[in-house]
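Structure file coords.pdb with PDB, C-alpha atoms and all ligand atoms:
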MODEL        1
ATOM      1  CA  MET K   1     -74.518-158.257  74.171
ATOM      2  CA  VAL K   2     -76.118-159.952  77.205
ATOM      3  CA  LYS K   3     -74.189-159.174  80.384
ATOM      4  CA  LYS K   4     -72.826-162.300  82.041
ATOM      5  CA  LYS K   5     -74.389-162.944  85.430
ATOM      6  CA  LEU K   6     -72.120-163.003  88.474
ATOM      7  CA  ARG K   7     -71.528-166.598  89.455
ATOM      8  CA  ILE K   8     -71.703-167.004  93.207
ATOM      9  CA  GLY K   9     -71.577-169.803  95.749
ATOM     10  CA  PHE K  10     -72.533-170.102  99.411
ATOM     11  CA  PHE K  11     -70.469-172.484 101.509
ATOM     12  CA  SER K  12     -70.756-173.546 105.101
ATOM     13  CA  PHE K  13     -68.244-174.915 107.596
ATOM     14  CA  THR K  14     -68.683-175.492 111.331
ATOM     15  CA  CYS K  15     -71.490-173.222 112.536
ATOM     16  CA  CYS K  16     -75.244-173.012 113.039
ATOM     17  CA  GLN K  17     -75.873-171.870 109.429
ATOM     18  CA  GLY K  18     -77.761-168.875 110.816
ATOM     19  CA  CYS K  19     -75.983-166.529 108.405
ATOM     20  CA  GLN K  20     -77.151-168.474 105.344
ATOM     21  CA  PHE K  21     -80.675-168.516 106.776
ATOM     22  CA  THR K  22     -80.448-164.754 107.291
ATOM     23  CA  ILE K  23     -79.732-164.440 103.568
ATOM     24  CA  LEU K  24     -82.738-166.624 102.757
ATOM     25  CA  PHE K  25     -84.939-164.373 104.909
ATOM     26  CA  ILE K  26     -84.027-161.218 102.960
ATOM     27  CA  ASP K  27     -87.113-159.635 101.377
ATOM     28  CA  LYS K  28     -87.124-160.307  97.641
ATOM     29  CA  ILE K  29     -84.193-162.722  97.963
ATOM     30  CA  LEU K  30     -85.501-164.782  95.049
ATOM     31  CA  ASP K  31     -85.537-161.680  92.808
ATOM     32  CA  ILE K  32     -81.976-160.913  93.890
ATOM     33  CA  LEU K  33     -80.744-164.463  93.280
ATOM     34  CA  GLN K  34     -82.412-164.595  89.863
ATOM     35  CA  GLN K  35     -80.078-161.848  88.715
ATOM     36  CA  LEU K  36     -77.128-164.039  89.673
ATOM     37  CA  ASP K  37     -75.810-167.392  88.577
ATOM     38  CA  VAL K  38     -76.008-169.342  91.840
ATOM     39  CA  GLY K  39     -73.630-172.273  91.455
ATOM     40  CA  TYR K  40     -73.898-173.591  94.983
ATOM     41  CA  PHE K  41     -76.334-172.900  97.804
ATOM     42  CA  HIS K  42     -77.187-176.213  99.413
ATOM     43  CA  LEU K  43     -80.071-174.803 101.485
ATOM     44  CA  LEU K  44     -81.753-173.843  98.223
ATOM     45  CA  LYS K  45     -80.614-176.087  95.386
ATOM     46  CA  ASP K  46     -78.331-178.897  94.285
ATOM     47  CA  LYS K  47     -74.782-178.093  93.303
ATOM     48  CA  ASP K  48     -74.409-177.078  89.666
ATOM     49  CA  ARG K  49     -71.422-179.113  88.551
ATOM     50  CA  SER K  50     -71.386-177.693  85.037
ATOM     51  CA  LYS K  51     -68.846-175.047  86.103
ATOM     52  CA  GLU K  52     -66.638-175.119  89.135
ATOM     53  CA  ASP K  53     -65.552-171.492  89.358
ATOM     54  CA  PHE K  54     -67.106-168.565  91.230
ATOM     55  CA  ASP K  55     -66.916-164.788  90.993
ATOM     56  CA  ILE K  56     -67.773-164.563  94.683
ATOM     57  CA  ALA K  57     -67.662-167.275  97.347
ATOM     58  CA  PHE K  58     -69.621-166.429 100.506
ATOM     59  CA  ILE K  59     -68.301-168.623 103.286
ATOM     60  CA  GLU K  60     -69.752-169.049 106.766
ATOM     61  CA  GLY K  61     -68.467-171.113 109.678
ATOM     62  CA  ALA K  62     -65.185-171.694 111.451
ATOM     63  CA  ILE K  63     -62.551-174.222 110.355
ATOM     64  CA  THR K  64     -62.323-177.152 112.748
ATOM     65  CA  THR K  65     -60.793-180.109 110.870
ATOM     66  CA  LYS K  66     -57.980-180.882 108.412
ATOM     67  CA  ARG K  67     -60.634-181.932 105.901
ATOM     68  CA  GLU K  68     -62.259-178.494 106.194
ATOM     69  CA  VAL K  69     -58.887-176.819 105.572
ATOM     70  CA  ARG K  70     -58.525-178.766 102.298
ATOM     71  CA  LYS K  71     -62.080-177.952 101.243
ATOM     72  CA  LEU K  72     -61.632-174.252 102.096
ATOM     73  CA  LYS K  73     -58.419-173.985 100.035
ATOM     74  CA  ASN K  74     -60.149-175.699  97.146
ATOM     75  CA  ILE K  75     -62.990-173.146  97.223
ATOM     76  CA  LYS K  76     -60.459-170.315  97.405
ATOM     77  CA  ASN K  77     -58.625-171.629  94.322
ATOM     78  CA  LYS K  78     -61.879-171.587  92.352
ATOM     79  CA  SER K  79     -63.076-168.146  93.491
ATOM     80  CA  LYS K  80     -62.101-164.637  92.403
ATOM     81  CA  PHE K  81     -63.394-162.943  95.568
ATOM     82  CA  VAL K  82     -63.961-164.483  99.003
ATOM     83  CA  VAL K  83     -66.338-163.039 101.581
ATOM     84  CA  ALA K  84     -66.258-164.404 105.137
ATOM     85  CA  ILE K  85     -69.815-164.145 106.454
ATOM     86  CA  GLY K  86     -70.558-164.080 110.164
ATOM     87  CA  ALA K  87     -68.619-164.188 113.403
ATOM     88  CA  CYS K  88     -67.731-167.889 113.054
ATOM     89  CA  ALA K  89     -65.960-167.345 109.722
ATOM     90  CA  VAL K  90     -64.465-163.975 110.701
ATOM     91  CA  ASN K  91     -63.377-164.637 114.304
ATOM     92  CA  GLY K  92     -63.992-168.319 115.065
ATOM     93  CA  GLY K  93     -67.235-167.428 116.839
ATOM     94  CA  ILE K  94     -69.092-169.902 119.001
ATOM     95  CA  PRO K  95     -67.276-173.034 117.637
ATOM     96  CA  SER K  96     -63.992-171.640 119.006
ATOM     97  CA  MET K  97     -65.287-172.255 122.538
ATOM     98  CA  ARG K  98     -64.069-175.781 121.875
ATOM     99  CA  ASN K  99     -60.468-174.512 122.023
ATOM    100  CA  TYR K 100     -60.897-174.122 125.754
ATOM    101  CA  MET K 101     -61.483-177.871 126.166
ATOM    102  CA  GLU K 102     -58.583-180.279 125.818
ATOM    103  CA  ASN K 103     -59.010-182.944 123.120
ATOM    104  CA  ARG K 104     -58.115-185.518 125.760
ATOM    105  CA  GLU K 105     -61.114-184.409 127.760
ATOM    106  CA  LEU K 106     -63.297-184.542 124.636
ATOM    107  CA  GLU K 107     -62.138-188.094 123.860
ATOM    108  CA  LYS K 108     -64.159-189.329 126.784
ATOM    109  CA  TYR K 109     -67.390-188.103 125.249
ATOM    110  CA  VAL K 110     -66.974-188.259 121.454
ATOM    111  CA  TYR K 111     -68.281-191.444 119.844
ATOM    112  CA  ASN K 112     -66.578-190.999 116.466
ATOM    113  CA  GLN K 113     -62.886-191.214 117.472
ATOM    114  CA  LYS K 114     -61.702-191.116 113.824
ATOM    115  CA  MET K 115     -63.368-187.739 113.404
ATOM    116  CA  LEU K 116     -61.652-186.472 116.535
ATOM    117  CA  LYS K 117     -58.224-187.334 115.067
ATOM    118  CA  ASP K 118     -59.013-185.075 112.106
ATOM    119  CA  SER K 119     -59.895-182.127 114.325
ATOM    120  CA  ILE K 120     -57.655-179.085 114.762
ATOM    121  CA  GLU K 121     -57.820-175.996 116.940
ATOM    122  CA  VAL K 122     -60.786-173.930 115.738
ATOM    123  CA  GLU K 123     -59.684-171.007 113.565
ATOM    124  CA  PRO K 124     -61.326-168.357 111.355
ATOM    125  CA  LEU K 125     -60.915-168.398 107.547
ATOM    126  CA  ASP K 126     -58.137-165.781 107.621
ATOM    127  CA  CYS K 127     -55.780-168.302 109.219
ATOM    128  CA  PHE K 128     -55.770-170.413 106.034
ATOM    129  CA  ILE K 129     -56.683-168.216 103.053
ATOM    130  CA  LYS K 130     -56.761-164.558 102.049
ATOM    131  CA  VAL K 131     -60.247-163.192 102.692
ATOM    132  CA  ASP K 132     -61.248-160.220 100.529
ATOM    133  CA  TYR K 133     -64.134-158.912 102.640
ATOM    134  CA  HIS K 134     -65.304-159.582 106.206
ATOM    135  CA  MET K 135     -69.074-159.401 106.648
ATOM    136  CA  ARG K 136     -69.289-159.347 110.417
ATOM    137  CA  GLY K 137     -72.039-160.132 112.894
ATOM    138  CA  CYS K 138     -73.865-163.026 114.450
ATOM    139  CA  PRO K 139     -75.775-163.302 112.268
ATOM    140  CA  ILE K 140     -74.777-160.973 109.412
ATOM    141  CA  ILE K 141     -76.963-157.957 108.699
ATOM    142  CA  LYS K 142     -79.285-158.342 105.715
ATOM    143  CA  GLU K 143     -78.808-154.755 104.528
ATOM    144  CA  GLU K 144     -75.023-155.163 104.444
ATOM    145  CA  PHE K 145     -75.357-158.278 102.293
ATOM    146  CA  VAL K 146     -77.768-156.594  99.855
ATOM    147  CA  SER K 147     -75.683-153.432  99.517
ATOM    148  CA  PHE K 148     -72.464-155.452  99.183
ATOM    149  CA  LEU K 149     -73.911-157.414  96.246
ATOM    150  CA  ALA K 150     -75.376-154.320  94.557
ATOM    151  CA  ASN K 151     -72.066-152.454  94.822
ATOM    152  CA  TYR K 152     -70.011-155.424  93.688
ATOM    153  CA  ALA K 153     -72.264-155.908  90.642
ATOM    154  CA  LYS K 154     -71.745-152.240  89.714
ATOM    155  CA  GLY K 155     -67.975-152.692  89.989
ATOM    156  CA  LYS K 156     -67.679-150.313  92.958
ATOM    157  CA  VAL K 157     -64.685-150.603  95.264
ATOM    158  CA  ILE K 158     -65.905-152.387  98.379
ATOM    159  CA  THR K 159     -64.384-151.258 101.660
ATOM    160  CA  GLU K 160     -65.105-152.467 105.166
ATOM    161  CA  PHE K 161     -66.347-150.035 107.826
ATOM    162  CA  LYS K 162     -63.269-149.065 109.822
ATOM    163  CA  GLY K 163     -64.704-147.480 112.989
ATOM    164  CA  SER K 164     -66.319-148.751 116.151
ATOM    165  CA  VAL K 165     -69.999-149.244 117.018
ATOM    166  CA  CYS K 166     -69.844-145.978 119.010
ATOM    167  CA  ASP K 167     -69.079-144.117 115.757
ATOM    168  CA  GLN K 168     -72.618-144.907 114.537
ATOM    169  CA  CYS K 169     -74.420-144.891 117.884
ATOM    170  CA  SER K 170     -77.199-142.381 118.476
ATOM    171  CA  LYS K 171     -76.539-142.528 122.247
ATOM    172  CA  ARG K 172     -72.974-141.306 121.873
ATOM    173  CA  GLY K 173     -72.264-138.214 123.918
ATOM    174  CA  LYS K 174     -75.747-137.896 125.465
ATOM    175  CA  ASP K 175     -77.366-141.093 126.622
ATOM    176  CA  CYS K 176     -74.418-143.511 126.560
ATOM    177  CA  TYR K 177     -74.768-146.690 128.650
ATOM    178  CA  LEU K 178     -71.299-146.183 130.082
ATOM    179  CA  GLY K 179     -72.506-142.998 131.777
ATOM    180  CA  LYS K 180     -75.061-145.151 133.642
ATOM    181  CA  LYS K 181     -72.506-147.855 134.524
ATOM    182  CA  ILE K 182     -74.162-150.338 132.165
ATOM    183  CA  VAL K 183     -71.689-152.561 130.296
ATOM    184  CA  CYS K 184     -71.731-151.805 126.575
ATOM    185  CA  LEU K 185     -68.868-153.018 124.373
ATOM    186  CA  GLY K 186     -69.492-150.641 121.457
ATOM    187  CA  ALA K 187     -66.217-148.764 121.911
ATOM    188  CA  ILE K 188     -64.077-151.860 121.323
ATOM    189  CA  THR K 189     -66.276-153.509 118.666
ATOM    190  CA  HIS K 190     -66.165-153.326 114.852
ATOM    191  CA  GLY K 191     -68.929-151.013 113.652
ATOM    192  CA  GLY K 192     -70.830-151.068 110.400
ATOM    193  CA  CYS K 193     -74.030-152.440 111.937
ATOM    194  CA  ASP K 194     -75.515-148.957 112.384
ATOM    195  CA  ALA K 195     -75.504-149.693 116.133
ATOM    196  CA  ILE K 196     -78.819-151.479 115.699
ATOM    197  CA  CYS K 197     -78.831-152.903 119.225
ATOM    198  CA  THR K 198     -78.341-149.623 121.068
ATOM    199  CA  LYS K 199     -81.061-148.116 118.839
ATOM    200  CA  ASP K 200     -83.325-150.811 120.295
ATOM    201  CA  ASN K 201     -82.085-150.044 123.813
ATOM    202  CA  ILE K 202     -79.862-153.113 124.058
ATOM    203  CA  PRO K 203     -76.154-152.670 124.909
ATOM    204  CA  CYS K 204     -73.604-153.932 122.363
ATOM    205  CA  ILE K 205     -72.268-157.440 123.066
ATOM    206  CA  MET K 206     -69.523-157.372 120.402
ATOM    207  CA  CYS K 207     -71.101-159.695 117.833
ATOM    208  CA  ARG K 208     -69.034-158.001 115.108
ATOM    209  CA  GLY K 209     -65.797-158.867 116.850
ATOM    210  CA  PRO K 210     -63.092-156.893 118.641
ATOM    211  CA  LEU K 211     -61.640-153.809 117.000
ATOM    212  CA  SER K 212     -57.862-154.197 117.204
ATOM    213  CA  SER K 213     -57.208-150.431 117.318
ATOM    214  CA  SER K 214     -59.358-150.019 120.452
ATOM    215  CA  ASN K 215     -58.073-149.353 123.921
ATOM    216  CA  PHE K 216     -59.034-152.670 125.578
ATOM    217  CA  PRO K 217     -57.096-152.067 128.834
ATOM    218  CA  ALA K 218     -58.904-148.737 129.357
ATOM    219  CA  GLU K 219     -62.291-150.444 128.870
ATOM    220  CA  VAL K 220     -61.358-153.193 131.331
ATOM    221  CA  ARG K 221     -60.129-150.586 133.849
ATOM    222  CA  LEU K 222     -63.422-148.734 133.521
ATOM    223  CA  PHE K 223     -65.525-151.850 134.172
ATOM    224  CA  LYS K 224     -63.307-152.813 137.107
ATOM    225  CA  SER K 225     -63.722-149.328 138.578
ATOM    226  CA  TRP K 226     -67.459-150.121 138.726
ATOM    227  CA  GLY K 227     -66.645-153.176 140.823
ATOM    228  CA  LEU K 228     -66.986-155.788 138.049
ATOM    229  CA  SER K 229     -64.715-158.831 138.178
ATOM    230  CA  ASP K 230     -62.675-160.338 135.297
ATOM    231  CA  MET K 231     -65.357-162.985 134.732
ATOM    232  CA  GLN K 232     -68.150-160.429 134.490
TER     233      GLN K 232
HETATM  234  S1  LIG W 301     -72.056-166.149 112.950
HETATM  235 FE1  LIG W 301     -73.717-166.662 114.367
HETATM  236  S2  LIG W 301     -75.508-166.915 113.052
HETATM  237 FE2  LIG W 301     -73.702-166.969 111.717
HETATM  238  S3  LIG W 301     -73.227-169.114 111.517
HETATM  239 FE3  LIG W 301     -72.007-168.357 113.242
HETATM  240  S4  LIG W 301     -73.248-168.718 115.083
HETATM  241 FE4  LIG W 301     -74.573-168.946 113.316
HETATM  242  S1  LIG W 302     -72.220-148.076 121.537
HETATM  243 FE1  LIG W 302     -72.477-148.216 123.754
HETATM  244  S2  LIG W 302     -70.572-147.332 124.563
HETATM  245 FE2  LIG W 302     -70.733-146.675 122.425
HETATM  246  S3  LIG W 302     -71.790-144.694 122.479
HETATM  247 FE3  LIG W 302     -73.348-146.261 122.172
HETATM  248  S4  LIG W 302     -74.093-146.713 124.228
HETATM  249 FE4  LIG W 302     -72.127-145.686 124.462
HETATM  250  S1  LIG W 303     -74.533-153.202 118.219
HETATM  251 FE1  LIG W 303     -72.981-154.692 118.868
HETATM  252  S2  LIG W 303     -74.119-156.550 119.298
HETATM  253 FE2  LIG W 303     -75.468-155.212 118.103
HETATM  254  S3  LIG W 303     -75.186-155.790 115.961
HETATM  255 FE3  LIG W 303     -73.750-154.132 116.375
HETATM  256  S4  LIG W 303     -71.871-155.192 116.999
HETATM  257 FE4  LIG W 303     -73.502-156.674 117.175
ENDMDL
END
This entry written out as structure tokens:
Amino acid sequence: MVKKKLRIGFFSFTCCQGCQFTILFIDKILDILQQLDVGYFHLLKDKDRSKEDFDIAFIEGAITTKREVRKLKNIKNKSKFVVAIGACAVNGGIPSMRNYMENRELEKYVYNQKMLKDSIEVEPLDCFIKVDYHMRGCPIIKEEFVSFLANYAKGKVITEFKGSVCDQCSKRGKDCYLGKKIVCLGAITHGGCDAICTKDNIPCIMCRGPLSSSNFPAEVRLFKSWGLSDMQ
């Protein structure tokens, strides 16, 4: 019997679409996608309306309007497994900067006033639907996407990395930035990225989002003891 291909869809809400482009830039992406039934991936092909259900929905972008909430819930109802891809979908990301501007202030500049009425405070997917897996980062990491798909196809239980960036950092304990009074946010950031930035001699800037179990006050106290202000 021929094994049924996994039917997947890629959806995008408010964001730069950099995570979907990251997927397109994966080596051998066409070989990977040929082993799947891609129902929706608007950067690559028209929507296949023959079936409306998905084994996995990969969703990028933050939710910024009532219309997007309806669309998101509709996708959720049609999908067995939902993966939030990228910081915008997981944490609100860059679009959530809008929350710091009052709509009244925005009214002065936005041409399409009807669209403004539909807008809501920017929120991540979790605020509206149950997300089954969070693929963090800005953008996501290609290797995580490839291994996620391979494991899912084999029926393996998929678990998210629980520790911080420090847990995977080669500088930990010997050459750590904190020892040189250089700001690095690895200790309070979700790991799973293999600490790729610190490997390249770049401090972590928390693109995978804050780790709730971390000691934020201690980190802030440390930076303040170096003379840094709240803004810095
Ligand atoms: S997480 Fe970053 S790369 Fe991905 S869509 Fe948002 S801003 Fe773009
Ligand atoms: S991630 Fe940053 S803070 Fe953590 S061990 Fe590495 S250099 Fe130090
Ligand atoms: S090291 Fe920090 S900034 Fe770099 S990918 Fe990991 S979480 Fe993002």
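Each of K:Val165, K:Cys197, K:Leu228, K:Ile202 was checked against ligand LIG 302 (chain W) using only C-alpha atoms and all ligand atoms; the smallest atom-to-atom distance is that of K:Val165.
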Item to check | Neighbour list for stretch 30-35 of chain K as a list in words, cut-off 9 Å, all atoms listed in the file, skip fewer than 2 positions in-chain | outcome: Lys5, Leu6, Leu24, Ile26, Asp27, Lys28, Asp37, Val38 and Val146 of chain K
Could you write out as lines of an AutoDock Vina configuration file the box around stretch 114-124 of chain K (axis-aligned, all atoms listed in the file, 3 Å on each side), with centre and edge lengths in Å to one decimal?
center_x = -60.5
center_y = -179.7
center_z = 114.1
size_x = 11.7
size_y = 28.8
size_z = 11.6
Item to check | Surrounding residues of K:Ile205 excluding itself and chain neighbours under 3 positions, 9 Å, all atoms listed in the file, as an NGL selection string | outcome: :K and (183-186 or 189 or 197 or 202 or 208)
Checklist entry - Within 8 Å of stretch 127-132 of chain K, counting all atoms listed in the file, which residues qualify if same-chain residues fewer than 3 places away don't, as a ChimeraX atom specification? => result /K:69,72-73,76,81-84,123-124
Next on the checklist: List as a ChimeraX atom specification the protein and nucleic acid residues lying within 10 Å of ligand LIG 301 (chain W), with all atoms listed in the file counted.
Outcome noted: /K:12-22,59-62,84-95,135-140,207-208
Checklist entry - Can you list, as JSON, numbers by chain, the residues that the PyMOL selection byres (((not hetatm)) within 9 of (chain W and resi 302)) selects here? => result {"K": [164, 165, 166, 167, 168, 169, 170, 171, 172, 173, 174, 175, 176, 177, 178, 179, 182, 183, 184, 185, 186, 187, 188, 189, 195, 197, 198, 199, 201, 202, 203, 204]}
Atoms kept (C-alpha atoms) for selection, written as an mmCIF file, keeping the file's coordinate frame:
data_model
loop_
_atom_site.group_PDB
_atom_site.id
_atom_site.type_symbol
_atom_site.label_atom_id
_atom_site.label_comp_id
_atom_site.auth_asym_id
_atom_site.auth_seq_id
_atom_site.Cartn_x
_atom_site.Cartn_y
_atom_site.Cartn_z
ATOM 1 C CA SER K 164 -66.319 -148.751 116.151
ATOM 2 C CA VAL K 165 -69.999 -149.244 117.018
ATOM 3 C CA CYS K 166 -69.844 -145.978 119.010
ATOM 4 C CA ASP K 167 -69.079 -144.117 115.757
ATOM 5 C CA GLN K 168 -72.618 -144.907 114.537
ATOM 6 C CA CYS K 169 -74.420 -144.891 117.884
ATOM 7 C CA SER K 170 -77.199 -142.381 118.476
ATOM 8 C CA LYS K 171 -76.539 -142.528 122.247
ATOM 9 C CA ARG K 172 -72.974 -141.306 121.873
ATOM 10 C CA GLY K 173 -72.264 -138.214 123.918
ATOM 11 C CA LYS K 174 -75.747 -137.896 125.465
ATOM 12 C CA ASP K 175 -77.366 -141.093 126.622
ATOM 13 C CA CYS K 176 -74.418 -143.511 126.560
ATOM 14 C CA TYR K 177 -74.768 -146.690 128.650
ATOM 15 C CA LEU K 178 -71.299 -146.183 130.082
ATOM 16 C CA GLY K 179 -72.506 -142.998 131.777
ATOM 17 C CA ILE K 182 -74.162 -150.338 132.165
ATOM 18 C CA VAL K 183 -71.689 -152.561 130.296
ATOM 19 C CA CYS K 184 -71.731 -151.805 126.575
ATOM 20 C CA LEU K 185 -68.868 -153.018 124.373
ATOM 21 C CA GLY K 186 -69.492 -150.641 121.457
ATOM 22 C CA ALA K 187 -66.217 -148.764 121.911
ATOM 23 C CA ILE K 188 -64.077 -151.860 121.323
ATOM 24 C CA THR K 189 -66.276 -153.509 118.666
ATOM 25 C CA ALA K 195 -75.504 -149.693 116.133
ATOM 26 C CA CYS K 197 -78.831 -152.903 119.225
ATOM 27 C CA THR K 198 -78.341 -149.623 121.068
ATOM 28 C CA LYS K 199 -81.061 -148.116 118.839
ATOM 29 C CA ASN K 201 -82.085 -150.044 123.813
ATOM 30 C CA ILE K 202 -79.862 -153.113 124.058
ATOM 31 C CA PRO K 203 -76.154 -152.670 124.909
ATOM 32 C CA CYS K 204 -73.604 -153.932 122.363
#
Item to check | Point-to-point distance in Å for atom CA of K:Phe41 and atom CA of K:Ile8 | outcome: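 Atom CA of K:Ile8 sits 8.8 Å away from atom CA of K:Phe41.
Computed from the coordinates, the atom CA of K:Phe10 to atom CA of K:Asp126 distance equals 17.1 Å.
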Next on the checklist: Restricting the calculation to all atoms listed in the file: of K:Asp46, K:Asp194, K:Leu222, K:Lys162, which residue gets closest to K:Pro210?
Outcome noted: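 Of the candidates, the smallest distance to K:Pro210 is held by K:Lys162.
Using only C-alpha atoms and all ligand atoms for every distance, the candidate list K:Ala57, K:Ile196, K:Val157, K:Ile23 yields K:Ile196 as the residue closest to ligand LIG 303 (chain W).
The shortest atom-to-atom distance to K:Glu219, with all atoms listed in the file taken into account, belongs to K:Lys181 out of K:Arg98, K:Asp200, K:Arg7, K:Lys181.
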Checklist entry - Pick from K:Lys156, K:His190, K:Lys142, K:Lys66: nearest to ligand LIG 303 (chain W), with all atoms listed in the file counted? => result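 Among the listed residues, the smallest separation from ligand LIG 303 (chain W) belongs to K:His190.
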Item to check | Residue among K:Phe148, K:Phe161, K:Phe11, K:Tyr40 lying closest to ligand LIG 303 (chain W), counting all atoms listed in the file | outcome: K:Phe161
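Here atom CA of K:Gly39 stands at a distance of 17.4 Å from atom CA of K:Tyr152.
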Next on the checklist: Can you spell out as JSON, numbers by chain the set of residues that the PyMOL selection byres (((chain K and resi 79) around 6) and not hetatm) selects in the structure I just provided?
Outcome noted: {"K": [53, 54, 55, 76, 77, 78, 80, 81]}
